[in-house]
Structures are given as C-alpha cells and as structure tokens.
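As structure tokens, the structure follows; a few thoughts come after it.
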Amino acid sequence: MKLSEAVRGVSGTLAADGEFSCIAFATEQEQSQFLTFLEKEKFLPALDNSKISCVLTTSALAEKIPPHIKGVFLCDRPKAALFEIHNRLARHPDYVGASAATVVGEGCSISPLAAIDCENVVIGDRVTIEPFVVIKGRVIIGNDVTIRSGAVIGCKGFSFSKDTQGQNVSVEDTARIIIEDHVEIFEQVAISTGIFPWEETRIGENTKVDAQCFIAHGSHIGRNCLLANGSRCCGNSRVGDHVWVGVGAIVSNRVRVGDGARVSLGSVVTKEVPAGQTVSGNFAIDHQKFLSNLKKSLEE
C-alpha cells in the first residue's frame, strides 16, 4: 500500500511517498516493509531497523529519519495517526482478511450454553467446549482441545490511543488466536487478541492453562507448558517450550522466558529468563540468588 493512500484524511503533510505491506512498532523484527511511527527523539535509534519502509513523525524529527526509510508523513501526533490509519484499515478485508463461516470438526462436544461467533472460527476434531465459554472471531482451535467453563477466547486487548484532546480512543483488534492440538484451558481463563493482523496470540501443543490465568495480546506460549492458577503473560511476551509459570506469577510485556525455565509462584519477571533457569521474587532473579538474599535479610 502507498503511504499517500493510507494518510488520506489524516491531518499532516506527506514529505515523501513510499510503500508498506503492514503496520508495526519500530522494534518489530519478523515483519518487513512496514509502516511505523516516531514521536520522541530518544527512540530514534529504533529506526535503524532496515525492515521499516515508512514512518509517521513530527516536523522537528523529519531531517533525522534514516535514508532507507522512503515514506515520511509529518504530523503533530504520530502514534495517534498510526492507530487512526490502523482503525480505518481494520474495516477492509484486504487488510484483515476475508470473513468465512465458522467451521466445526468431527466428534466435538460443544455445550449449547457456549457462545461461538458464527464467522471466522475454526474448531478441529474432538474438541470439548464446556458451558459459558465465549469464543470470538479469528480463533483457530486444533484437535483434542478442551476449553472449560467460563473461559473467554478472543478478549478485547487493552490497547488505546489518545485523540487531540487527550481522550482515550480504542484500538481495533485484527489478529488471530491459535490454540494448537491437545491444549487444555481451564475455568475463567482469558486470552486476548492482538492489534495488527500479523500479531497472532498462540498457545503451543499440549500446554495446560490453569483457572483464572490471563494471556495478553500477541503473546506466544510454547509447547508442553504449565501455567498455574492466576498467572499472567502480558502483551507480546514469549514463553518457550516446557516452561512452568507458578501461581500468581507475572511475565511482563515483551519479555522472553527460555525453554525449560521455571517461574516461581508470585514472581514478577521483567527481563529475559535464560533457558533452564529458575527465577523467584519481585522483581524476579535467579532462584538461588533469591534464597541467598532472603537468608541474609533474615540473619540481619
């Protein structure tokens, strides 16, 4: 899509035209040729990302945009403009994909008290869906999955922009949620939808998600994980394979937890956890270091 077409009706000035294939934040590494925004100079190094093709920015920063970025649009509120463009595109099938009737596989047991959107849901074979489950559009469920009572798959993501008066403006969710084979989702679990069409939320094969857990927009949970009661995986977090997340633990947004790691109960993880490591505490640190610090504090 041409930047000149995307910004029609948006208050600002087109400094240079370019093309983009999707919208993303500047730190995105997996997408290519994307449109992003820059509002503050301290984030200028993020634009060194060669996968950015177009940017919305302020007049004050216009001359500092790297030369590999061909499309530049100048406006007073670049972030708000980005989401204005996204919300407008969210109404078009070319951006979000065409709608299709919901499909249910063979041998499923679906309670008549469950609420499932009639479009854009794909349910595999031998899936069990208990009473009062809510499944919204753009959800793909694999085979032999169990979703227990009260779970909500496809929650509105907690994503907002600000208008020119500083009022909160809701951002449209357009991504998919993918639940792989043999996943079990317990009572009152909530799983949120991502903002951008490519920003899928994924639960890996044979992972079990205990009651009242929350998995936020764009998060990826690996294979064979166990997420204990009340744990939280915040937006765009990445949890590897064979990971244990303890009761009430929190993995902060955009944080990675490596394969085979363990997050102890009540921990608040704010930085990357290497594969195989156990972390504890708020903020979480290596478990043995946590115990050593605790012992010293008790001795004092």
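Letters A, B, ... go to the chains of the structure tokens in the order shown; residues in each chain start at 1; ligands are counted from 1 in the same order.
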Problem - Shell around A:Gly266 at 9 Å using only C-alpha atoms, local window under 6 positions removed, as number ranges by chain - result: A: 231, 246-250, 280-282
Write the residues of the preceding selection, restricted to N, CA, C and O atoms, as a compact mmCIF listing (two decimals), in the first residue's frame.
# COMPACT_ATOMS: atom_id res chain seq x y z
N SER A 231 -1.80 -16.97 36.94
CA SER A 231 -0.59 -16.39 36.34
C SER A 231 -0.96 -15.49 35.16
O SER A 231 -2.05 -15.59 34.59
N GLY A 246 4.46 -20.30 37.75
CA GLY A 246 3.80 -20.62 39.00
C GLY A 246 2.58 -19.78 39.32
O GLY A 246 2.26 -18.80 38.63
N VAL A 247 1.91 -20.16 40.38
CA VAL A 247 0.68 -19.50 40.82
C VAL A 247 0.91 -18.00 41.01
O VAL A 247 1.85 -17.57 41.70
N GLY A 248 0.08 -17.19 40.37
CA GLY A 248 0.12 -15.75 40.55
C GLY A 248 1.33 -15.05 39.97
O GLY A 248 1.51 -13.85 40.18
N ALA A 249 2.16 -15.75 39.21
CA ALA A 249 3.35 -15.13 38.63
C ALA A 249 2.97 -14.25 37.44
O ALA A 249 1.94 -14.45 36.80
N ILE A 250 3.83 -13.26 37.14
CA ILE A 250 3.60 -12.34 36.05
C ILE A 250 4.83 -12.31 35.15
O ILE A 250 5.95 -12.11 35.64
N SER A 280 12.83 -16.32 40.91
CA SER A 280 11.89 -16.07 42.00
C SER A 280 11.95 -14.60 42.38
O SER A 280 12.95 -13.92 42.16
N GLY A 281 10.87 -14.11 42.97
CA GLY A 281 10.87 -12.79 43.57
C GLY A 281 10.26 -11.70 42.71
O GLY A 281 9.86 -11.91 41.58
N ASN A 282 10.17 -10.52 43.31
CA ASN A 282 9.62 -9.32 42.67
C ASN A 282 10.61 -8.17 42.93
O ASN A 282 10.70 -7.66 44.03
Practice task
Using backbone DSSP assignments, extract all strand (DSSP E or B) residues from stretch 57-246 of chain A; output them as a PyMOL selection string.
Solution key: chain A and resi 57+71-74+101+103-104+109-110+115-116+119+121-123+128-129+134-135+139-141+146-147+152-155+160-162+168-170+177-179+184-185+190-192+201-203+208-209+214-215+220-221+226-227+232-233+238-239+244-245
Practice task
Please identify which residues in stretch 46-195 of chain A DSSP calls helix (DSSP H, G or I) from the backbone, and express them as a list in words.
Solution key: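 The helix (DSSP H, G or I) residues within stretch 46-195 of chain A come out as Ala46, Leu47, Asp48, Ser59, Ala60, Leu61, Ala62, Glu63, Lys64, Pro78, Lys79, Ala80, Ala81, Leu82, Phe83, Glu84, Ile85, His86, Asn87, Arg88, Leu89, Pro93, Asp94, Tyr95 and Val96 of chain A.
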Completion exercise
Among A:Arg262, A:Ile129, A:Phe290, A:Glu30, A:Thr278 is approached most closely, using only C-alpha atoms, by A:Arg262
Handout entry: d(atom CA of A:Ile135, atom CA of A:Val104) in Å
Key =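 Calculated distance between atom CA of A:Ile135 and atom CA of A:Val104 is 12.5 Å.
Among A:Thr174, A:Ser109, A:Asn143, A:Thr27, the residue with the shortest atom-to-atom distance to A:Arg88, counting only C-alpha atoms, is A:Thr174.
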Completion exercise
atom CA of A:Ala81 to atom CA of A:Ser21 measures 17.1 Å
Exercise for the section: Give the answer as one residue: which of A:Ile203, A:Val133, A:Ile123, A:Val7 has the shortest atom-to-atom distance to A:Cys54, using only C-alpha atoms? Expected result: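 Smallest separation from A:Cys54 among the options: A:Val7.
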Practice task
For A:Val279, work out the shell of residues within 9 Å, counting only C-alpha atoms and skipping chain neighbours fewer than 5 positions away, then give it as a ChimeraX atom specification.
Solution key: /A:261-264,267,269,273,284-290
Could you please take those selected residues and save all heavy atoms as a compact mmCIF listing (two decimals), in the first residue's frame?
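Result file is result-v2.txt:
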# COMPACT_ATOMS: atom_id res chain seq x y z
N ALA A 261 12.52 -23.25 31.43
CA ALA A 261 12.66 -22.36 32.60
C ALA A 261 11.50 -22.57 33.57
O ALA A 261 10.45 -23.12 33.22
CB ALA A 261 12.74 -20.91 32.16
N ARG A 262 11.70 -22.09 34.79
CA ARG A 262 10.66 -22.16 35.82
C ARG A 262 10.52 -20.78 36.46
O ARG A 262 11.52 -20.19 36.91
CB ARG A 262 11.00 -23.20 36.89
CG ARG A 262 11.02 -24.62 36.37
CD ARG A 262 11.37 -25.62 37.47
NE ARG A 262 10.37 -25.63 38.52
CZ ARG A 262 9.25 -26.35 38.49
NH1 ARG A 262 8.98 -27.13 37.45
NH2 ARG A 262 8.40 -26.31 39.51
N VAL A 263 9.29 -20.31 36.52
CA VAL A 263 8.98 -19.03 37.14
C VAL A 263 8.21 -19.34 38.43
O VAL A 263 7.09 -19.83 38.39
CB VAL A 263 8.14 -18.13 36.21
CG1 VAL A 263 7.80 -16.81 36.90
CG2 VAL A 263 8.89 -17.88 34.89
N SER A 264 8.84 -19.08 39.57
CA SER A 264 8.25 -19.47 40.86
C SER A 264 6.99 -18.68 41.16
O SER A 264 6.78 -17.58 40.63
CB SER A 264 9.27 -19.27 41.98
OG SER A 264 10.42 -20.04 41.75
N SER A 267 6.22 -14.61 41.31
CA SER A 267 7.33 -13.86 40.72
C SER A 267 6.82 -12.82 39.74
O SER A 267 5.77 -12.98 39.12
CB SER A 267 8.28 -14.82 39.99
OG SER A 267 8.85 -15.74 40.89
N VAL A 269 8.41 -11.16 36.46
CA VAL A 269 9.53 -11.29 35.53
C VAL A 269 9.56 -10.06 34.62
O VAL A 269 8.63 -9.82 33.85
CB VAL A 269 9.40 -12.57 34.68
CG1 VAL A 269 10.57 -12.69 33.72
CG2 VAL A 269 9.32 -13.79 35.59
N VAL A 273 14.53 -14.51 30.82
CA VAL A 273 14.92 -15.65 31.64
C VAL A 273 15.60 -16.66 30.72
O VAL A 273 14.97 -17.18 29.80
CB VAL A 273 13.69 -16.29 32.32
CG1 VAL A 273 14.11 -17.51 33.13
CG2 VAL A 273 12.97 -15.28 33.22
N ALA A 284 11.93 -10.57 39.61
CA ALA A 284 12.47 -11.92 39.64
C ALA A 284 13.97 -11.94 39.34
O ALA A 284 14.45 -11.27 38.43
CB ALA A 284 11.73 -12.80 38.65
N ILE A 285 14.68 -12.77 40.11
CA ILE A 285 16.10 -13.02 39.90
C ILE A 285 16.32 -14.53 40.00
O ILE A 285 15.39 -15.29 40.32
CB ILE A 285 16.98 -12.28 40.93
CG1 ILE A 285 16.60 -12.70 42.36
CG2 ILE A 285 16.85 -10.77 40.76
CD1 ILE A 285 17.49 -12.11 43.44
N ASP A 286 17.55 -14.98 39.72
CA ASP A 286 17.87 -16.40 39.84
C ASP A 286 17.43 -16.93 41.22
O ASP A 286 17.66 -16.27 42.25
CB ASP A 286 19.37 -16.62 39.65
CG ASP A 286 19.75 -18.07 39.78
OD1 ASP A 286 19.56 -18.83 38.82
OD2 ASP A 286 20.21 -18.46 40.88
N HIS A 287 16.84 -18.11 41.23
CA HIS A 287 16.23 -18.63 42.45
C HIS A 287 17.25 -18.79 43.58
O HIS A 287 16.96 -18.45 44.75
CB HIS A 287 15.57 -19.98 42.15
CG HIS A 287 14.86 -20.58 43.33
ND1 HIS A 287 13.73 -20.01 43.90
CD2 HIS A 287 15.14 -21.70 44.06
CE1 HIS A 287 13.33 -20.75 44.92
NE2 HIS A 287 14.16 -21.78 45.04
N GLN A 288 18.44 -19.29 43.26
CA GLN A 288 19.45 -19.48 44.31
C GLN A 288 19.91 -18.14 44.89
O GLN A 288 20.13 -18.02 46.09
CB GLN A 288 20.64 -20.27 43.76
CG GLN A 288 20.29 -21.71 43.38
CD GLN A 288 19.69 -22.50 44.55
OE1 GLN A 288 20.16 -22.41 45.69
NE2 GLN A 288 18.66 -23.28 44.27
N LYS A 289 20.03 -17.15 44.02
CA LYS A 289 20.40 -15.81 44.50
C LYS A 289 19.28 -15.24 45.37
O LYS A 289 19.55 -14.59 46.40
CB LYS A 289 20.66 -14.89 43.32
CG LYS A 289 21.18 -13.51 43.72
CD LYS A 289 21.53 -12.68 42.50
CE LYS A 289 22.07 -11.32 42.92
NZ LYS A 289 22.43 -10.48 41.73
N PHE A 290 18.04 -15.50 44.98
CA PHE A 290 16.90 -15.05 45.78
C PHE A 290 16.95 -15.67 47.18
O PHE A 290 16.77 -14.97 48.19
CB PHE A 290 15.60 -15.44 45.06
CG PHE A 290 14.36 -15.17 45.86
CD1 PHE A 290 13.78 -13.91 45.88
CD2 PHE A 290 13.76 -16.19 46.60
CE1 PHE A 290 12.63 -13.66 46.62
CE2 PHE A 290 12.62 -15.96 47.34
CZ PHE A 290 12.05 -14.69 47.35
